[in-house]
Amino acid sequence: MTREARALERAGTERGEGSATATPDAPPDAAGPAPEPVQKPPLFRTAVRKRLVPYWLLLPGILWLLIFFAAPLVYQASTSVQTGSLEEGFKVTWHFQTYWDALSEYYPQFLRSVLYAATATVMCLVLGYPLAYLIAFRAGRWRNLVMILVIAPFFTSFLIRTLAWKTILSDSGPVVGALNSLHILDVTSYLGITEGQRVLATPLAVVCGLTYNFLPFMILPLYTSLERIDPRLHEAAGDLYARPVTTFRKVTFPLSMPGVVAGTLLTFIPATGDYINAELLGSADQKMVGNVIQSQFLRVLDYPTAAALSFILMAAILTMVTVYIRKSGTEDLV
Amino acid sequence: MTALTRWIRRNLAVIAGLGTLAYLILPNVVVLVFSFNKPNGRFNYEWQRFSTEAWTDPCGVADLCGSLSLSLKIAVWATIGATLLGTMIAFALARYRFRARSSVNSLIFLPMAMPEVVMAASLATLFLNMGVDFGFWTILIAHIMFCLSFVVTAVKARVMSMDPRLEQAAQDLYASPAQTFVRVTLPIAAPGIAAGALLSFALSFDDFIITNFNAGSTVTFPMFVWGSAQRGTPVQINVIGTAMFAVAVLCVLAGQLAGARRKRS
């Protein structure tokens, strides 16, 4: 509440007006009808109007979210228990079997999504941390330039950039050639993340694309939390004869935990639902749950199954995120 | 230990960070290089020979520039809508204490924590059952919906960190509430609003997943690129990609320069 509003409210109560009617939820006309139309204290009316200000500010945006975000989710829930066909129409029959059918048929895609997203998240952390650290502590006057180079790819169409990975990882390209001559592809094929002499259309390519696409979402929160660390703490650790590795392990990393948690969430959640990387860089063997939802909804037109799949995905992610936030003990990060 | 290994050990973070930076920039470089390619077939994935054809004729492919201008139009309107609604919510959350505050906060947070494909499918289900025709309006509604939270977060952070004494000082100097808002509050909140707007524009312009579900037969630029991945990618796509990158870098640089100049004066 602003200072002025408080003063006005005080003025209102001094005039003998009960503040009970001036609850925040009171509709605009709660101030009237005044018992005597002769004298309506103007200050009191302003006070009520002031209290309604936040609600008027919220109204349009919140309505938008309720109608186009919350209501669709409820609608989706009812769709997932419908049966029927496109020709005859769908009816709510409380057919929970759809969930079971979807899960038993598409559990490989679910597991794969979680596995790929988790791997990409770890890769993002491993790759993103040094860069965030570099920007926060070592870049000096180059900081802004490096920052621009991190953010600018955001503004280029990410589909175009993902397609560029097709060029980079192409079978006759230099990357595959180098990996091949170093016999790395033999090792990765043995591990089952690539096949034969190629990288495209293998799990490695999809994880590489996911890592690439979500890396900025990891770097930015990491940078924000690293930047808040007082560099004198590093000096203090050095003065106490901590080696750089120890300083990192005992001072820097623990203090950057909010960034790590926020970054991993921002990477993991969208990566699990993504279907673009699997579609463009993978093959039929790398389909993720997003691909299944997309094809069920847009091609097969089996809406109940698509709805059930989305709900299972949402529930799975919410569960994992809740457990993760509990474990990491930073509940106040959002 | 030789001097070299010692140097490497000391600068390990810098070296690894630069490596990541290279990983981030590599596709952009490839997009740039391949915008000068003259491919043999329909796909522009292998280097053939140098040509500036695509640069001199960026709209030479059917529907490409149409989809581009549609995407721009949607992004502009989505930015205006989301920034307006989002800034209002952000002010309400940052300035006022009211009962529904925490539920509003979670309603703002949820769209950002939801996998896009879930939101996309739900919204499309709603539109489908309401018998709404898919097209420009459904895309715009969806884009405003998912940009809103990002604007709220950006603006809220800025307004929260603002010194309330500045506004009190303005009022002590007999500024009316409206004057205080326009002359004091708004200028201080402006960087947050600008960041929110910029983010909305980028998110809306680049969005594929939600658009894919809610566009019907309307083709935005990302959907054009998606389709071309199956049908054959024209070189012009790389030209547009490079131009977008250049414009983005220039905009950010200009913003930085303006900020630096203001700080000096």
# chains A, B, ... in the order shown; residues from 1 in each chain; ligands from 1
>>> closest_atom_pairs(of="chain B", to="chain A", cutoff="6 Å", atoms="only C-alpha atoms", output="CSV")
residue,atom,partner,partner_atom,distance
B:Ala13,CA,A:Pro130,CA,5.2
B:Val14,CA,A:Leu134,CA,5.6
B:Ala16,CA,A:Pro130,CA,5.8
B:Gly17,CA,A:Leu131,CA,3.8
B:Thr20,CA,A:Leu127,CA,5.8
B:Pro27,CA,A:Ala164,CA,5.4
B:Tyr45,CA,A:Thr167,CA,4.9
B:Leu85,CA,A:Gly61,CA,4.9
B:Met88,CA,A:Leu57,CA,5.0
B:Ile89,CA,A:Leu58,CA,4.9
B:Ala92,CA,A:Pro54,CA,4.7
B:Tyr96,CA,A:Met1,CA,5.3
B:Pro115,CA,A:Pro270,CA,5.1
B:Val117,CA,A:Gly273,CA,6.0
B:Val118,CA,A:Ser310,CA,5.2
B:Ser122,CA,A:Pro72,CA,4.9
B:Leu123,CA,A:Pro72,CA,5.1
B:Leu126,CA,A:Pro72,CA,5.5
B:Ala202,CA,A:Phe155,CA,5.7
B:Asp206,CA,A:Ser157,CA,5.5
B:Gly241,CA,A:Thr156,CA,5.8
B:Met244,CA,A:Thr156,CA,5.4
B:Phe245,CA,A:Thr156,CA,5.2
B:Ala248,CA,A:Ala152,CA,6.0
B:Val249,CA,A:Ala152,CA,5.9
>>> residues_around(residues="Leu86 (chain A)", least_positions_apart="2", cutoff="10 Å", atoms="only C-alpha atoms", output="VMD selection string")
chain A and resid 83 to 84 88 to 90 301 to 303
>>> closest_residue(among="A:Asn277, A:Lys327, A:Thr119, A:Met320", to="Trp226 (chain B)", atoms="only C-alpha atoms")
A:Asn277
>>> residues_around(residues="Asn40 (chain B)", least_positions_apart="3", cutoff="12 Å", atoms="only C-alpha atoms", output="PyMOL selection string")
chain B and resi 37+43-50+232-235
>>> write_last_selection(atoms="N, CA, C and O atoms", output="CSV table (one decimal), in the first residue's frame")
chain,number,residue,atom,x,y,z
B,37,ASN,N,26.1,-20.0,-50.7
B,37,ASN,CA,26.3,-21.3,-51.4
B,37,ASN,C,25.4,-21.4,-52.7
B,37,ASN,O,24.3,-20.7,-52.7
B,43,PHE,N,18.3,-29.2,-51.4
B,43,PHE,CA,18.8,-29.0,-50.1
B,43,PHE,C,20.1,-28.3,-50.0
B,43,PHE,O,21.0,-28.6,-50.8
B,44,ASN,N,20.2,-27.4,-49.1
B,44,ASN,CA,21.4,-26.6,-48.9
B,44,ASN,C,22.2,-27.1,-47.8
B,44,ASN,O,22.5,-26.3,-46.8
B,45,TYR,N,22.6,-28.3,-47.8
B,45,TYR,CA,23.4,-28.9,-46.7
B,45,TYR,C,24.8,-29.1,-47.0
B,45,TYR,O,25.6,-29.4,-46.2
B,46,GLU,N,25.1,-29.1,-48.3
B,46,GLU,CA,26.5,-29.4,-48.7
B,46,GLU,C,27.1,-28.2,-49.5
B,46,GLU,O,26.4,-27.7,-50.4
B,47,TRP,N,28.3,-27.9,-49.3
B,47,TRP,CA,28.9,-26.8,-50.0
B,47,TRP,C,29.2,-27.1,-51.4
B,47,TRP,O,29.8,-28.1,-51.7
B,48,GLN,N,28.7,-26.3,-52.4
B,48,GLN,CA,29.0,-26.5,-53.8
B,48,GLN,C,29.9,-25.4,-54.3
B,48,GLN,O,31.1,-25.7,-54.5
B,49,ARG,N,29.4,-24.2,-54.5
B,49,ARG,CA,30.3,-23.2,-55.0
B,49,ARG,C,29.7,-21.8,-54.6
B,49,ARG,O,28.5,-21.7,-54.3
B,50,PHE,N,30.6,-20.8,-54.6
B,50,PHE,CA,30.3,-19.5,-54.1
B,50,PHE,C,29.3,-18.8,-55.1
B,50,PHE,O,29.4,-18.9,-56.3
B,232,GLY,N,12.8,-29.1,-49.0
B,232,GLY,CA,14.0,-28.6,-49.6
B,232,GLY,C,14.3,-27.2,-49.1
B,232,GLY,O,13.4,-26.3,-49.2
B,233,THR,N,15.5,-26.9,-48.6
B,233,THR,CA,15.7,-25.6,-48.0
B,233,THR,C,16.3,-24.7,-49.0
B,233,THR,O,17.4,-24.9,-49.5
B,234,PRO,N,15.6,-23.6,-49.3
B,234,PRO,CA,16.2,-22.6,-50.2
B,234,PRO,C,17.3,-21.8,-49.5
B,234,PRO,O,17.3,-21.7,-48.3
B,235,VAL,N,18.3,-21.3,-50.3
B,235,VAL,CA,19.4,-20.6,-49.7
B,235,VAL,C,19.0,-19.3,-49.0
B,235,VAL,O,19.6,-18.8,-48.1
>>> residues_around(residues="Pro187 (chain B)", least_positions_apart="5", cutoff="12 Å", atoms="only C-alpha atoms", output="VMD selection string")
chain B and resid 158 to 159 162 166 to 167 179 to 182 192 to 194
>>> residues_around(residues="region 185-196 of chain A", least_positions_apart="2", cutoff="12 Å", atoms="only C-alpha atoms", output="PyMOL selection string")
chain A and resi 116+119+169+171+175-183+198-208+282-283+285-286
>>> write_last_selection(atoms="N, CA and C atoms", output="PDB file, in the first residue's frame")
ATOM      1  N   TYR A 116      17.135 -38.086 -22.686  1.00  0.00           N
ATOM      2  CA  TYR A 116      17.778 -37.088 -23.552  1.00  0.00           C
ATOM      3  C   TYR A 116      17.827 -35.728 -22.871  1.00  0.00           C
ATOM      4  N   THR A 119      20.372 -35.718 -20.069  1.00  0.00           N
ATOM      5  CA  THR A 119      21.738 -35.667 -20.595  1.00  0.00           C
ATOM      6  C   THR A 119      22.054 -34.276 -21.117  1.00  0.00           C
ATOM      7  N   LEU A 169      27.014 -31.638 -38.920  1.00  0.00           N
ATOM      8  CA  LEU A 169      27.175 -33.057 -38.594  1.00  0.00           C
ATOM      9  C   LEU A 169      27.000 -33.963 -39.803  1.00  0.00           C
ATOM     10  N   ASP A 171      27.330 -36.369 -43.021  1.00  0.00           N
ATOM     11  CA  ASP A 171      28.184 -37.557 -43.103  1.00  0.00           C
ATOM     12  C   ASP A 171      29.543 -37.274 -43.725  1.00  0.00           C
ATOM     13  N   VAL A 175      33.496 -32.589 -39.243  1.00  0.00           N
ATOM     14  CA  VAL A 175      33.323 -33.068 -37.865  1.00  0.00           C
ATOM     15  C   VAL A 175      33.290 -34.585 -37.830  1.00  0.00           C
ATOM     16  N   VAL A 176      32.436 -35.156 -38.663  1.00  0.00           N
ATOM     17  CA  VAL A 176      32.328 -36.611 -38.701  1.00  0.00           C
ATOM     18  C   VAL A 176      33.655 -37.219 -39.170  1.00  0.00           C
ATOM     19  N   GLY A 177      34.291 -36.554 -40.142  1.00  0.00           N
ATOM     20  CA  GLY A 177      35.578 -37.039 -40.633  1.00  0.00           C
ATOM     21  C   GLY A 177      36.606 -37.112 -39.521  1.00  0.00           C
ATOM     22  N   ALA A 178      36.684 -36.014 -38.724  1.00  0.00           N
ATOM     23  CA  ALA A 178      37.666 -35.978 -37.641  1.00  0.00           C
ATOM     24  C   ALA A 178      37.359 -37.034 -36.585  1.00  0.00           C
ATOM     25  N   LEU A 179      36.091 -37.110 -36.173  1.00  0.00           N
ATOM     26  CA  LEU A 179      35.705 -38.097 -35.163  1.00  0.00           C
ATOM     27  C   LEU A 179      36.016 -39.503 -35.646  1.00  0.00           C
ATOM     28  N   ASN A 180      35.821 -39.692 -36.952  1.00  0.00           N
ATOM     29  CA  ASN A 180      36.062 -41.000 -37.539  1.00  0.00           C
ATOM     30  C   ASN A 180      37.543 -41.362 -37.521  1.00  0.00           C
ATOM     31  N   SER A 181      38.377 -40.413 -37.936  1.00  0.00           N
ATOM     32  CA  SER A 181      39.798 -40.723 -38.026  1.00  0.00           C
ATOM     33  C   SER A 181      40.417 -40.866 -36.638  1.00  0.00           C
ATOM     34  N   LEU A 182      39.790 -40.253 -35.626  1.00  0.00           N
ATOM     35  CA  LEU A 182      40.279 -40.429 -34.257  1.00  0.00           C
ATOM     36  C   LEU A 182      39.674 -41.681 -33.610  1.00  0.00           C
ATOM     37  N   HIS A 183      38.854 -42.400 -34.388  1.00  0.00           N
ATOM     38  CA  HIS A 183      38.190 -43.619 -33.922  1.00  0.00           C
ATOM     39  C   HIS A 183      37.247 -43.362 -32.762  1.00  0.00           C
ATOM     40  N   ARG A 198      28.194 -42.577 -38.903  1.00  0.00           N
ATOM     41  CA  ARG A 198      27.505 -41.289 -38.974  1.00  0.00           C
ATOM     42  C   ARG A 198      27.023 -40.800 -37.613  1.00  0.00           C
ATOM     43  N   VAL A 199      26.800 -39.484 -37.567  1.00  0.00           N
ATOM     44  CA  VAL A 199      26.318 -38.864 -36.336  1.00  0.00           C
ATOM     45  C   VAL A 199      24.866 -38.455 -36.493  1.00  0.00           C
ATOM     46  N   LEU A 200      24.508 -37.922 -37.660  1.00  0.00           N
ATOM     47  CA  LEU A 200      23.115 -37.542 -37.910  1.00  0.00           C
ATOM     48  C   LEU A 200      22.221 -38.753 -37.756  1.00  0.00           C
ATOM     49  N   ALA A 201      20.977 -38.493 -37.312  1.00  0.00           N
ATOM     50  CA  ALA A 201      19.999 -39.559 -37.120  1.00  0.00           C
ATOM     51  C   ALA A 201      20.428 -40.544 -36.038  1.00  0.00           C
ATOM     52  N   THR A 202      21.186 -40.051 -35.048  1.00  0.00           N
ATOM     53  CA  THR A 202      21.544 -40.886 -33.902  1.00  0.00           C
ATOM     54  C   THR A 202      21.227 -40.113 -32.626  1.00  0.00           C
ATOM     55  N   PRO A 203      21.194 -40.803 -31.471  1.00  0.00           N
ATOM     56  CA  PRO A 203      20.944 -40.090 -30.208  1.00  0.00           C
ATOM     57  C   PRO A 203      21.935 -38.951 -29.976  1.00  0.00           C
ATOM     58  N   LEU A 204      23.191 -39.145 -30.371  1.00  0.00           N
ATOM     59  CA  LEU A 204      24.198 -38.106 -30.150  1.00  0.00           C
ATOM     60  C   LEU A 204      23.791 -36.798 -30.815  1.00  0.00           C
ATOM     61  N   ALA A 205      23.292 -36.890 -32.047  1.00  0.00           N
ATOM     62  CA  ALA A 205      22.905 -35.678 -32.772  1.00  0.00           C
ATOM     63  C   ALA A 205      21.754 -34.971 -32.067  1.00  0.00           C
ATOM     64  N   VAL A 206      20.765 -35.746 -31.597  1.00  0.00           N
ATOM     65  CA  VAL A 206      19.605 -35.131 -30.944  1.00  0.00           C
ATOM     66  C   VAL A 206      20.034 -34.451 -29.648  1.00  0.00           C
ATOM     67  N   VAL A 207      20.862 -35.129 -28.848  1.00  0.00           N
ATOM     68  CA  VAL A 207      21.312 -34.537 -27.585  1.00  0.00           C
ATOM     69  C   VAL A 207      22.174 -33.306 -27.859  1.00  0.00           C
ATOM     70  N   CYS A 208      22.979 -33.380 -28.892  1.00  0.00           N
ATOM     71  CA  CYS A 208      23.812 -32.236 -29.285  1.00  0.00           C
ATOM     72  C   CYS A 208      22.925 -31.044 -29.645  1.00  0.00           C
ATOM     73  N   GLY A 282      17.208 -36.287 -35.670  1.00  0.00           N
ATOM     74  CA  GLY A 282      17.130 -37.708 -35.362  1.00  0.00           C
ATOM     75  C   GLY A 282      16.406 -38.477 -36.445  1.00  0.00           C
ATOM     76  N   SER A 283      16.127 -39.736 -36.140  1.00  0.00           N
ATOM     77  CA  SER A 283      15.349 -40.557 -37.065  1.00  0.00           C
ATOM     78  C   SER A 283      14.182 -41.132 -36.281  1.00  0.00           C
ATOM     79  N   ASP A 285      13.958 -43.698 -34.718  1.00  0.00           N
ATOM     80  CA  ASP A 285      14.396 -44.344 -33.477  1.00  0.00           C
ATOM     81  C   ASP A 285      14.667 -43.351 -32.360  1.00  0.00           C
ATOM     82  N   GLN A 286      14.652 -42.064 -32.663  1.00  0.00           N
ATOM     83  CA  GLN A 286      14.933 -41.080 -31.616  1.00  0.00           C
ATOM     84  C   GLN A 286      13.701 -40.256 -31.265  1.00  0.00           C
TER      85      GLN A 286
END
>>> closest_residue(among="A:Ser78, A:Ser328, A:Thr224, A:Thr252", to="Val92 (chain A)", atoms="only C-alpha atoms")
A:Ser78
>>> residues_around(residues="Asp207 (chain B)", least_positions_apart="6", cutoff="12 Å", atoms="only C-alpha atoms", output="ChimeraX atom specification")
/A:154-159,276 /B:71-72,74-75,78,116-117,120,139-140,142-144,146-147,199-201,213-215,220-226
>>> atom_distance(atom1="CA of Tyr324 (chain A)", atom2="CA of Ala262 (chain A)")
10.8 Å
>>> residues_around(residues="Thr93 (chain A)", least_positions_apart="3", cutoff="9 Å", atoms="only C-alpha atoms", output="JSON, numbers by chain")
{"A": [81, 82, 83, 96]}
>>> select_by_dssp(residues="region 148-318 of chain A", states="helix (DSSP H, G or I)", output="MDAnalysis selection string")
chainID A and resid 148:155 158:168 174:181 184:191 203:227 231:239 244:255 257:273 276:281 284:286 289:300 303:318
>>> atom_distance(atom1="CA of Val247 (chain B)", atom2="CA of Arg261 (chain B)")
20.9 Å
>>> select_by_dssp(residues="region 56-242 of chain A", states="strand (DSSP E or B)", output="list in words")
Gln82, Thr83, Gly84, Ser85, Gly89, Phe90, Lys91, Val92, Glu195 and Arg198 of chain A
